[in-house]
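Input: a single structure, listed below in structure tokens.
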4 protein chains.
Amino acid sequence: MILRLGFSELYVTDLEKSRHFYVDTLGFIEVKQVGKSLYLRAIEEFDEYSLILTEHSYAALANFGLRVSTPEYLLELKEWHDKQGIPNEYVEDGFHPGLGACLKVAEPNGHPVVFYHSMKQIEIRGENGKLPHPMRNLHTIKGIPPLKIDHMNLRVTNVDKALEYWQALGFSISEYVQDTNEKFAAWTRRATTTHDVALVKAPQAALHHVAYIVEGVPGVIRTADLLADAGYRQSINYGPGRHGATNAFFLYIRDPDGHRIEIYAQDYHRDLDYEPIEWTKEEYTNHGRLWWGSECPESFYETTPLNKEWIKEKVER
Amino acid sequence: MILRLGFSELYVTDLEKSRHFYVDTLGFIEVKQVGKSLYLRAIEEFDEYSLILTEHSYAALANFGLRVSTPEYLLELKEWHDKQGIPNEYVEDGFHPGLGACLKVAEPNGHPVVFYHSMKQIEIRGENGKLPHPMRNLHTIKGIPPLKIDHMNLRVTNVDKALEYWQALGFSISEYVQDTNEKFAAWTRRATTTHDVALVKAPQAALHHVAYIVEGVPGVIRTADLLADAGYRQSINYGPGRHGATNAFFLYIRDPDGHRIEIYAQDYHRDLDYEPIEWTKEEYTNHGRLWWGSECPESFYETTPLNKEWIKEKVER
Amino acid sequence: MILRLGFSELYVTDLEKSRHFYVDTLGFIEVKQVGKSLYLRAIEEFDEYSLILTEHSYAALANFGLRVSTPEYLLELKEWHDKQGIPNEYVEDGFHPGLGACLKVAEPNGHPVVFYHSMKQIEIRGENGKLPHPMRNLHTIKGIPPLKIDHMNLRVTNVDKALEYWQALGFSISEYVQDTNEKFAAWTRRATTTHDVALVKAPQAALHHVAYIVEGVPGVIRTADLLADAGYRQSINYGPGRHGATNAFFLYIRDPDGHRIEIYAQDYHRDLDYEPIEWTKEEYTNHGRLWWGSECPESFYETTPLNKEWIKEKVER
Amino acid sequence: MILRLGFSELYVTDLEKSRHFYVDTLGFIEVKQVGKSLYLRAIEEFDEYSLILTEHSYAALANFGLRVSTPEYLLELKEWHDKQGIPNEYVEDGFHPGLGACLKVAEPNGHPVVFYHSMKQIEIRGENGKLPHPMRNLHTIKGIPPLKIDHMNLRVTNVDKALEYWQALGFSISEYVQDTNEKFAAWTRRATTTHDVALVKAPQAALHHVAYIVEGVPGVIRTADLLADAGYRQSINYGPGRHGATNAFFLYIRDPDGHRIEIYAQDYHRDLDYEPIEWTKEEYTNHGRLWWGSECPESFYETTPLNKEWIKEKVER
């Protein structure tokens, strides 16, 4: 089965600018640079990285990864996608450094998904063998810091159709917004949090944001202070405020390429088999998107385009 | 000398609505009701009350009080105001219950100021004599709670002229905004915080807000959560965000009569004799009013009118 | 499969004293009283209750419940326990009000376990249909408040032997302490947090504590303030401090019967299939039990006895 | 008049060890090194420094400084001390770099006090002229960080006698502990916080601790995490816990020379002319020293000796 969201790769146009934003300012741990890719981790993660920034000719969501419970399940997934006629490609050698075999899939809306089982784990013990856990190094930490990747918010042209795919994969809806004839949005997950993957209706498929959890309300506000003090006031896109759906306290920020990161805290846990929470479109407009806070700026509707080269020949078939 | 801001009285049009807002929701301690006046205190105050809500035919700033160091200084102040020809009235008996002698003054812009020395103090020990301090009763506290009154933000038609009065009284400017030919705003104080009384240019004299300190960033955000959950989402007027001037983290809320309360945290302390910090108008517009956060809504410029009956005959002379 | 810890029932000797401690002071939501049982819930729980306090002739851990993914899995569990010769009893009608069918088991150390699938869920919408989520009522909340049940810490006479049972049920070890010839302690889980069930060696099987998550460091410290202010200073048993194992920030408190509750924050999430973290006994003694904080008092080793009447005839066979 | 505590100088035996503790770990801002003295500042201070660490042949409290309102008042103080026959020395040139004229006094218990008016202020504007305030640089800050010096806790052999001196200087008692025939302790201040200078009875005059304010409860706990993670677990001396007297949330830590720093948050403000709060010795023992928390270790009674060379000839007269 699928376990959770594991990582995302973003195409950026200037690696140094991105490093200054993510590492020097926000406090992501810089794991390594390989070629034009920077591998970053949040401080409570055991996977070697959860964010890859790759310098490219255009800014885009390159791909994102979902961890599955066994290597065998990857093969089951391949078979299932083949049967469905969904473009996919099984890669033995590890598509990213430290990643084991993976299945690259062009999700029906074109989202570049990577299923994988094995990811290099960090050393639990430090150099002297005496400091277990990644969380035992507060004195070396700067920035917010981000604690853990939380979810991807994807724009899709038809939420009900997208849900057919994601529910077939075992994703459970925690909350959704029902418009007259179709769903406007759905938060779906394999972890017990409110979502690993959110699906929201838009004119075209795109990435709206990647979210990272921080330490509660103070962590969210600290992000805004850090950005403003470091000269990134324009990078604060929207918030802080509280969402109705998911209950999360949020701040949306944008990196030098305009990729949106949600700085996220305080959503809830709920078993996957419980009935989703329904919002009518009207309720969602009134209270669900925003429980309290300022209205969002127009720029909040701008999105990150998808990888144009993603198993291209197959998608175009 | 003048020590600090001590209290404010607001005219409200429906005492029960005000009680529900201030006491039941925000967590002000209800001290007593005398006639149509409700006396409230924040939880770290030793004075019996710092907020008086009085039901009246119109909403207004009724008056606000500044504590002075000795009874004798009140008489000095009377003499000085008389010399300056500033309308004033010395009241022996206590203008408010629990207040000692006071000097009522119509500040040159018409602001209704009360100077006083003696205010009834709360019992430091509880009923059983065993619990000293007002802060020893967290189990009885609800709401945010507010900790302490902080400052008054007054609108005046001419800041330089208003400063002549306030500086003559010994108020020290912590920060100010210099426009081409005049000051646009000044934060002045007798306490070592950034301000007891802020003066901001506007078409007419009015109260912009009364501020209360809460416990840091979480206290400010908790206020918004409390208001939204209790059905007062419309009462959240502006914020949360960070001011440049004063460094404070803020949320502006409005009570059922539209009186604006600033929920305030994290300004700094600085000795009264140091040089004020200057902002040009341009700097203030760019960074000073708002270090980061959403732009303020139009309604943020609405104000509370002043007491129309304040030592009226003298003001009209 | 087993999903997570769901509830515990504690025998208490004076229901009113317990109510004053858990409801009036700590802020558990009182759901209902049925006979001599009080049903309580933490504020971010969707299950109707997670704590049952039942007045009884002696204080004890009456039982605790683990939720399973399907009704069918309950039957599989029955079959498996029967095969293993582990005393158990399938109850159709709901052992607790609101609970569906369940399997009562005397775990090999005698711990009174209840496996169940169905538990009554709270109304997501309030009376007026307008307020979704249990978290939308901060204005009605008092106390800490506790957010969610987290784990049971069980004393067992032989950890390795206990692990045979718990691992057979699919529990994954997140961390463990290796003594010379045996494990001293193991934190095991079905959720992705560090543990649902901790197993620690002791002279006899008993309950050490039930843990509830609160909102970060401030929530933990607020608990101590609340207890001290409400006259329960003696109920603060140990802490605050930080554990090495699990990384959690903790405070241990004891209810009027001496049942120990851990007020818990900031452990981490990790997939169930990763290698556990090993501590040697020496490391654990030096850094693992306590990363920093005061040494624990002798009373920290006192425990809650187990239900003496738990499917008694079978246990005694 | 005297305004507030301004700085302290500590003799340390290894400047590099001290730098690693105070600057690299706790996050004091390193202002400059002059000879064997390191000048440090907390992040919300406008004075150039508040802590001087000077390498010396022995660890001691070298001296501490109290700021007065005018240069003239320094001369008044000289005259008064001369009249009282209290050893003192007026230094024109600035006893520390950046300090103006000062009066060095051997307080009746031998405490090395420095009265001064003028201290070099930090640049309010950064290099580019665009960032006013010292608080506008969160992105450059590490460690806790400490916000501001708060108070000195002095051991004296006779509190009543010591109070004669401090009260003559205008210090106001906020709280005190009354033993049968004498005061056991008194918290005295010129600022409106609970104390600038605490006086506690002990067999001999010494420094117990210097206190710095941090950002609330999370700042205090962060200190313990930072120290433990950086390998300074032994430097955590006592706490965290809550004091009854002053209401403060505290953690006591010790630097490499054993100097004790109180990491301090949440005391209250109260006017200087109000009646002090009295604790009986019994109340103080039961609730006042410790409102809640672990009992203090024996090492908590160890102290820092006083400067042996302080205007020595005069003291020995």
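Residues are named by chain letter and number: chains run A, B, ... in the order of the structure tokens, numbers start at 1 in each chain, and ligands are numbered from 1 in the order shown.
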
**Request:** Could you please tell me, as a ChimeraX atom specification, which residues of chain B have an atom within 10 Å of chain D when using only C-alpha atoms?
**Result:** /B:3-4,44-47,67,69-70,121,124-125,130-136,147-148,191-192,215-217,244-247,266-279,283,287-288,291

**Message:** Show me, as a PyMOL selection string, the residues that have an atom within 12 Å of His111 (chain D) when counting only C-alpha atoms, minus same-chain residues fewer than 6 positions from it.
**Reply:** chain D and resi 8+60-65+86-88+104-105+152-157+162+165-166+197+199+204-208+304-312+315

**Request:** Using DSSP on the backbone coordinates, identify all residues within region 148-255 of chain A classified as alpha helix (DSSP H); present the result as a ChimeraX atom specification.
**Result:** /A:159-168,216-229

**Asked** Which value, in Å to one decimal, gives the distance between CA of Leu163 (chain B) and CA of Ala202 (chain B)?
**Response** 14.5 Å

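You will find CA of Pro297 (chain A) at 12.8 Å from CA of Pro297 (chain B).
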
**Prompt:** In region 52-181 of chain A, what's strand (DSSP E or B) per DSSP? Answer as a count of residues only?
**Reply:** 48
